[in-house]
Amino acid sequence: MKQVYNFNAGPAALPLDVMLQIQDELLDLQGTGLSILEISHRSKEYENINGETQQLLKELLNIPSDYEVLFLQGGASTQFAMVPMNFLTGGRKASYLHSGTWSGKAIAEARKIGETAIAGSSEADHFKKVPNLNRMKIDPETAYIHLTSNETIAGTQYQNFINTGEVPLFADMSSDILSRPIDVSNFALIYAGAQKNLGPSGVTVVIVKRKILERIPASIPDIMNYRIHANKRSLFHTPPVFAVYIVNLMLKWIRNNGGVKAIEQRNYRKANLIYSTIDKSGGFYNGLAHPESRSMMNVTFSIFNEGIEKHFLQEAEQNGFVGVKGHRDAGHLRVSIYNAVTYEQCQALTDFMLDFQKRFG
């Protein structure tokens, strides 16, 4: 096979061990004689996968017992609408932190449902850093506060979170869930599309405090109602069986590699290697995010000369580095180093960056 280094922003890299297991079991899942692609979602085999995957996530993130774990479809974009449909009700308002493109999309959807306030924004800084949570004014009448923990396009990430007291805190963690330990009890609801750190596209994980499900009006359509999905254990309708199965394998891979704390240490080493290469380049490479808001998942940077930057992209592709072109809304360069990306792959990239600088600096 051709040597490829997968730095795509999502769908993203999967560990080789996981892909080999998928390959090995694809035609015969656990001795059933059936493929995971064709088993019934009502079968005991899938019921076991569904329940085990929920339990694995609870154990890895130390999720308290009063939370539900759901597997839904539609990606984070559906969650942008589901969250306000379920909780922005009764004439109340929601507060959103605006940190970039993805939080902006969540805000736009919420405004279609009800009154939406901006509790903090880094737009004046061109989203090169995240809003300061300690400066946020919390209205006790707010239905919920919403943030996006990691902005993949800008390459920014909240380094810490705060306790918002009686006001529920919701988070889109699509691009950094399970990349580091978090205190789930600080949040009333967390959602995450799987295609960065958890598996393939097709399933979205939702972690929700059981108590707030009581707030959901009966008028919400069943398919969009968190309480319905929780009561049916994510089996209200045909679930994304194959995607949940791969999430199951990914969670076992994280567990077998030391758990979330060990994954965080790996991710820190990877990110530090690339950021150090940028910072020590004497201005040849320039980081696009403020240092205090730099993401461990998405490293965004530019090269001092536009023409040389284009040549960098050409050579990177020729050398098997996939996905290093920045998002179309931001341009420049981006490497996404989610959980499955190895330190050795990051080392290969930085070796290429150093060699390219020698030749064009």
# chains A, B, ... in the order shown; residues from 1 in each chain; ligands from 1
>>> select_by_dssp(residues="segment 184-338 of chain A", states="helix (DSSP H, G or I)", output="PyMOL selection string")
chain A and resi 184-186+210-215+222-224+226-231+241-256+259-279+291-293+306-318
>>> closest_atom_pairs(of="segment 120-163 of chain A", to="segment 310-327 of chain A", cutoff="9 Å", atoms="only C-alpha atoms", output="CSV")
residue,atom,partner,partner_atom,distance
A:Thr152,CA,A:His327,CA,8.8
A:Ile153,CA,A:His327,CA,6.0
A:Ala154,CA,A:His327,CA,8.8
>>> write_last_selection(atoms="N, CA, C and O atoms", output="PDB file, in the first residue's frame")
ATOM      1  N   THR A 152     -12.741  23.529  14.822  1.00  0.00           N
ATOM      2  CA  THR A 152     -11.819  22.866  13.903  1.00  0.00           C
ATOM      3  C   THR A 152     -11.257  23.788  12.837  1.00  0.00           C
ATOM      4  O   THR A 152     -10.144  23.578  12.354  1.00  0.00           O
ATOM      5  N   ILE A 153     -12.016  24.785  12.432  1.00  0.00           N
ATOM      6  CA  ILE A 153     -11.583  25.660  11.327  1.00  0.00           C
ATOM      7  C   ILE A 153     -10.563  26.680  11.800  1.00  0.00           C
ATOM      8  O   ILE A 153      -9.527  26.899  11.160  1.00  0.00           O
ATOM      9  N   ALA A 154     -10.826  27.301  12.946  1.00  0.00           N
ATOM     10  CA  ALA A 154      -9.897  28.300  13.492  1.00  0.00           C
ATOM     11  C   ALA A 154      -8.729  27.659  14.226  1.00  0.00           C
ATOM     12  O   ALA A 154      -7.686  28.280  14.416  1.00  0.00           O
TER      13      ALA A 154
END
>>> select_by_dssp(residues="segment 18-221 of chain A", states="strand (DSSP E)", output="MDAnalysis selection string")
chainID A and resid 67:72 93:98 115:121 145:148 150:151 156:157 169:172 189:193 204:209
>>> write_last_selection(atoms="C-alpha atoms", output="compact mmCIF listing (two decimals), in the first residue's frame")
# COMPACT_ATOMS: atom_id res chain seq x y z
CA TYR A 67 -26.87 10.72 32.93
CA GLU A 68 -28.08 8.98 29.78
CA VAL A 69 -25.88 8.07 26.80
CA LEU A 70 -27.64 8.23 23.44
CA PHE A 71 -26.62 7.27 19.90
CA LEU A 72 -28.42 9.47 17.38
CA LYS A 93 -33.93 32.59 26.09
CA ALA A 94 -30.69 30.72 25.52
CA SER A 95 -27.14 32.06 25.81
CA TYR A 96 -24.44 31.05 23.32
CA LEU A 97 -20.70 31.57 23.28
CA HIS A 98 -19.53 32.51 19.79
CA GLU A 115 -34.65 34.23 21.72
CA THR A 116 -30.89 33.75 21.63
CA ALA A 117 -28.31 35.93 23.38
CA ILE A 118 -24.54 36.03 22.91
CA ALA A 119 -22.93 35.52 26.30
CA GLY A 120 -19.41 35.95 24.96
CA SER A 121 -17.70 36.27 21.60
CA ILE A 145 -25.61 28.16 27.99
CA HIS A 146 -24.06 26.60 24.88
CA LEU A 147 -20.42 26.45 23.80
CA THR A 148 -18.31 24.67 21.18
CA ASN A 150 -13.04 23.02 19.91
CA GLU A 151 -13.32 24.99 16.67
CA THR A 156 -8.96 27.01 18.85
CA GLN A 157 -10.02 25.14 21.97
CA LEU A 169 -24.21 24.14 30.38
CA PHE A 170 -24.40 22.44 26.97
CA ALA A 171 -21.38 21.67 24.78
CA ASP A 172 -20.67 20.61 21.24
CA LEU A 189 -25.72 17.98 27.86
CA ILE A 190 -22.78 17.08 25.62
CA TYR A 191 -23.04 16.05 21.98
CA ALA A 192 -20.39 14.88 19.56
CA GLY A 193 -20.38 13.67 15.99
CA THR A 204 -23.70 11.23 17.14
CA VAL A 205 -23.13 10.60 20.84
CA VAL A 206 -25.29 12.58 23.27
CA ILE A 207 -24.62 12.59 27.01
CA VAL A 208 -27.51 14.19 28.85
CA LYS A 209 -28.47 14.66 32.48
>>> closest_residue(among="A:Asn163, A:Ser175, A:Gln195, A:Asn225", to="Ile246 of chain A", atoms="only C-alpha atoms")
A:Gln195
>>> residues_around(residues="segment 49-64 of chain A", least_positions_apart="4", cutoff="9 Å", atoms="only C-alpha atoms", output="list in words")
Lys44, Glu45, Glu68, Val69, Leu70, Phe71, Leu178, Pro181, Ile182, Asp183, Val184, Ser185, Ile207, Lys209, Arg233, Ser234, Leu235, Val241, Val244, Tyr245, Val247, Asn248, Leu249, Leu251, Lys252, Ile254, Arg255, Gly259 and Val260 of chain A
>>> write_last_selection(atoms="N, CA, C and O atoms", output="mmCIF file, in the first residue's frame")
data_model
loop_
_atom_site.group_PDB
_atom_site.id
_atom_site.type_symbol
_atom_site.label_atom_id
_atom_site.label_comp_id
_atom_site.auth_asym_id
_atom_site.auth_seq_id
_atom_site.Cartn_x
_atom_site.Cartn_y
_atom_site.Cartn_z
ATOM 1 N N LYS A 44 -30.121 -9.894 19.634
ATOM 2 C CA LYS A 44 -29.392 -9.835 20.904
ATOM 3 C C LYS A 44 -27.956 -9.389 20.686
ATOM 4 O O LYS A 44 -27.356 -8.753 21.557
ATOM 5 N N GLU A 45 -27.382 -9.718 19.510
ATOM 6 C CA GLU A 45 -26.001 -9.303 19.216
ATOM 7 C C GLU A 45 -25.892 -7.787 19.179
ATOM 8 O O GLU A 45 -24.966 -7.203 19.766
ATOM 9 N N GLU A 68 -27.795 9.931 30.839
ATOM 10 C CA GLU A 68 -28.085 8.978 29.783
ATOM 11 C C GLU A 68 -27.063 9.146 28.655
ATOM 12 O O GLU A 68 -26.607 10.268 28.385
ATOM 13 N N VAL A 69 -26.720 8.049 28.001
ATOM 14 C CA VAL A 69 -25.878 8.072 26.805
ATOM 15 C C VAL A 69 -26.731 7.636 25.622
ATOM 16 O O VAL A 69 -27.310 6.544 25.639
ATOM 17 N N LEU A 70 -26.808 8.487 24.607
ATOM 18 C CA LEU A 70 -27.636 8.225 23.435
ATOM 19 C C LEU A 70 -26.780 8.129 22.184
ATOM 20 O O LEU A 70 -25.735 8.777 22.083
ATOM 21 N N PHE A 71 -27.251 7.344 21.215
ATOM 22 C CA PHE A 71 -26.625 7.265 19.898
ATOM 23 C C PHE A 71 -27.670 7.696 18.865
ATOM 24 O O PHE A 71 -28.635 6.969 18.608
ATOM 25 N N LEU A 178 -13.174 12.785 24.278
ATOM 26 C CA LEU A 178 -12.258 11.686 24.591
ATOM 27 C C LEU A 178 -10.813 11.968 24.210
ATOM 28 O O LEU A 178 -9.982 11.070 24.222
ATOM 29 N N PRO A 181 -9.412 14.214 29.625
ATOM 30 C CA PRO A 181 -10.441 14.044 30.656
ATOM 31 C C PRO A 181 -11.262 15.321 30.823
ATOM 32 O O PRO A 181 -10.743 16.429 30.683
ATOM 33 N N ILE A 182 -12.550 15.162 31.086
ATOM 34 C CA ILE A 182 -13.418 16.288 31.407
ATOM 35 C C ILE A 182 -14.287 15.894 32.597
ATOM 36 O O ILE A 182 -14.495 14.706 32.848
ATOM 37 N N ASP A 183 -14.780 16.892 33.302
ATOM 38 C CA ASP A 183 -15.718 16.655 34.388
ATOM 39 C C ASP A 183 -17.122 16.752 33.805
ATOM 40 O O ASP A 183 -17.655 17.844 33.614
ATOM 41 N N VAL A 184 -17.703 15.610 33.485
ATOM 42 C CA VAL A 184 -19.012 15.589 32.838
ATOM 43 C C VAL A 184 -20.065 16.278 33.701
ATOM 44 O O VAL A 184 -21.007 16.879 33.186
ATOM 45 N N SER A 185 -19.893 16.228 35.011
ATOM 46 C CA SER A 185 -20.901 16.811 35.901
ATOM 47 C C SER A 185 -21.020 18.323 35.747
ATOM 48 O O SER A 185 -21.993 18.915 36.219
ATOM 49 N N ILE A 207 -24.678 12.885 25.577
ATOM 50 C CA ILE A 207 -24.623 12.594 27.009
ATOM 51 C C ILE A 207 -25.489 13.640 27.688
ATOM 52 O O ILE A 207 -25.204 14.837 27.598
ATOM 53 N N LYS A 209 -28.024 14.844 31.098
ATOM 54 C CA LYS A 209 -28.469 14.655 32.481
ATOM 55 C C LYS A 209 -29.956 14.320 32.485
ATOM 56 O O LYS A 209 -30.773 15.014 31.878
ATOM 57 N N ARG A 233 -33.662 3.648 24.880
ATOM 58 C CA ARG A 233 -32.261 3.230 24.902
ATOM 59 C C ARG A 233 -31.591 3.369 23.523
ATOM 60 O O ARG A 233 -30.835 2.521 23.095
ATOM 61 N N SER A 234 -31.941 4.439 22.820
ATOM 62 C CA SER A 234 -31.413 4.734 21.479
ATOM 63 C C SER A 234 -31.873 3.724 20.434
ATOM 64 O O SER A 234 -31.261 3.597 19.374
ATOM 65 N N LEU A 235 -32.969 3.028 20.718
ATOM 66 C CA LEU A 235 -33.520 2.042 19.785
ATOM 67 C C LEU A 235 -34.937 2.407 19.372
ATOM 68 O O LEU A 235 -35.742 1.536 19.013
ATOM 69 N N VAL A 241 -26.275 1.062 12.957
ATOM 70 C CA VAL A 241 -25.670 -0.125 13.551
ATOM 71 C C VAL A 241 -24.159 -0.197 13.304
ATOM 72 O O VAL A 241 -23.368 -0.404 14.234
ATOM 73 N N VAL A 244 -22.190 2.524 15.233
ATOM 74 C CA VAL A 244 -22.123 2.260 16.677
ATOM 75 C C VAL A 244 -21.134 1.131 16.958
ATOM 76 O O VAL A 244 -20.371 1.175 17.928
ATOM 77 N N TYR A 245 -21.126 0.124 16.110
ATOM 78 C CA TYR A 245 -20.168 -0.982 16.244
ATOM 79 C C TYR A 245 -18.730 -0.471 16.206
ATOM 80 O O TYR A 245 -17.883 -0.877 17.017
ATOM 81 N N VAL A 247 -17.745 2.627 16.896
ATOM 82 C CA VAL A 247 -17.537 3.383 18.131
ATOM 83 C C VAL A 247 -17.172 2.428 19.266
ATOM 84 O O VAL A 247 -16.275 2.712 20.071
ATOM 85 N N ASN A 248 -17.828 1.287 19.319
ATOM 86 C CA ASN A 248 -17.526 0.275 20.328
ATOM 87 C C ASN A 248 -16.064 -0.138 20.241
ATOM 88 O O ASN A 248 -15.349 -0.186 21.267
ATOM 89 N N LEU A 249 -15.577 -0.388 19.033
ATOM 90 C CA LEU A 249 -14.180 -0.793 18.857
ATOM 91 C C LEU A 249 -13.227 0.349 19.210
ATOM 92 O O LEU A 249 -12.153 0.115 19.793
ATOM 93 N N LEU A 251 -13.748 2.749 21.419
ATOM 94 C CA LEU A 251 -13.716 2.916 22.871
ATOM 95 C C LEU A 251 -12.849 1.830 23.514
ATOM 96 O O LEU A 251 -12.109 2.108 24.467
ATOM 97 N N LYS A 252 -12.905 0.626 22.986
ATOM 98 C CA LYS A 252 -12.034 -0.438 23.500
ATOM 99 C C LYS A 252 -10.572 -0.128 23.195
ATOM 100 O O LYS A 252 -9.681 -0.405 24.014
ATOM 101 N N ILE A 254 -9.245 2.875 22.987
ATOM 102 C CA ILE A 254 -8.840 3.901 23.954
ATOM 103 C C ILE A 254 -8.580 3.255 25.316
ATOM 104 O O ILE A 254 -7.570 3.532 25.972
ATOM 105 N N ARG A 255 -9.484 2.384 25.748
ATOM 106 C CA ARG A 255 -9.303 1.691 27.027
ATOM 107 C C ARG A 255 -8.011 0.880 27.033
ATOM 108 O O ARG A 255 -7.243 0.910 28.007
ATOM 109 N N GLY A 259 -6.575 4.516 28.495
ATOM 110 C CA GLY A 259 -7.678 5.377 28.869
ATOM 111 C C GLY A 259 -7.481 6.810 28.428
ATOM 112 O O GLY A 259 -6.510 7.164 27.746
ATOM 113 N N VAL A 260 -8.398 7.662 28.840
ATOM 114 C CA VAL A 260 -8.429 9.038 28.336
ATOM 115 C C VAL A 260 -7.214 9.838 28.795
ATOM 116 O O VAL A 260 -6.690 10.670 28.046
#
>>> atom_distance(atom1="atom CA of Ile177 of chain A", atom2="atom CA of Glu109 of chain A")
22.3 Å
>>> atom_distance(atom1="atom CA of Ala76 of chain A", atom2="atom CA of Ala230 of chain A")
17.7 Å
>>> closest_residue(among="A:Gly287, A:Pro240, A:Pro168, A:Pro221", to="Gly199 of chain A", atoms="only C-alpha atoms")
A:Pro240
>>> closest_residue(among="A:Asn305, A:Ser174, A:Ser40, A:Thr32", to="Gly10 of chain A", atoms="only C-alpha atoms")
A:Ser174
>>> atom_distance(atom1="atom CA of Phe127 of chain A", atom2="atom CA of Trp102 of chain A")
11.2 Å
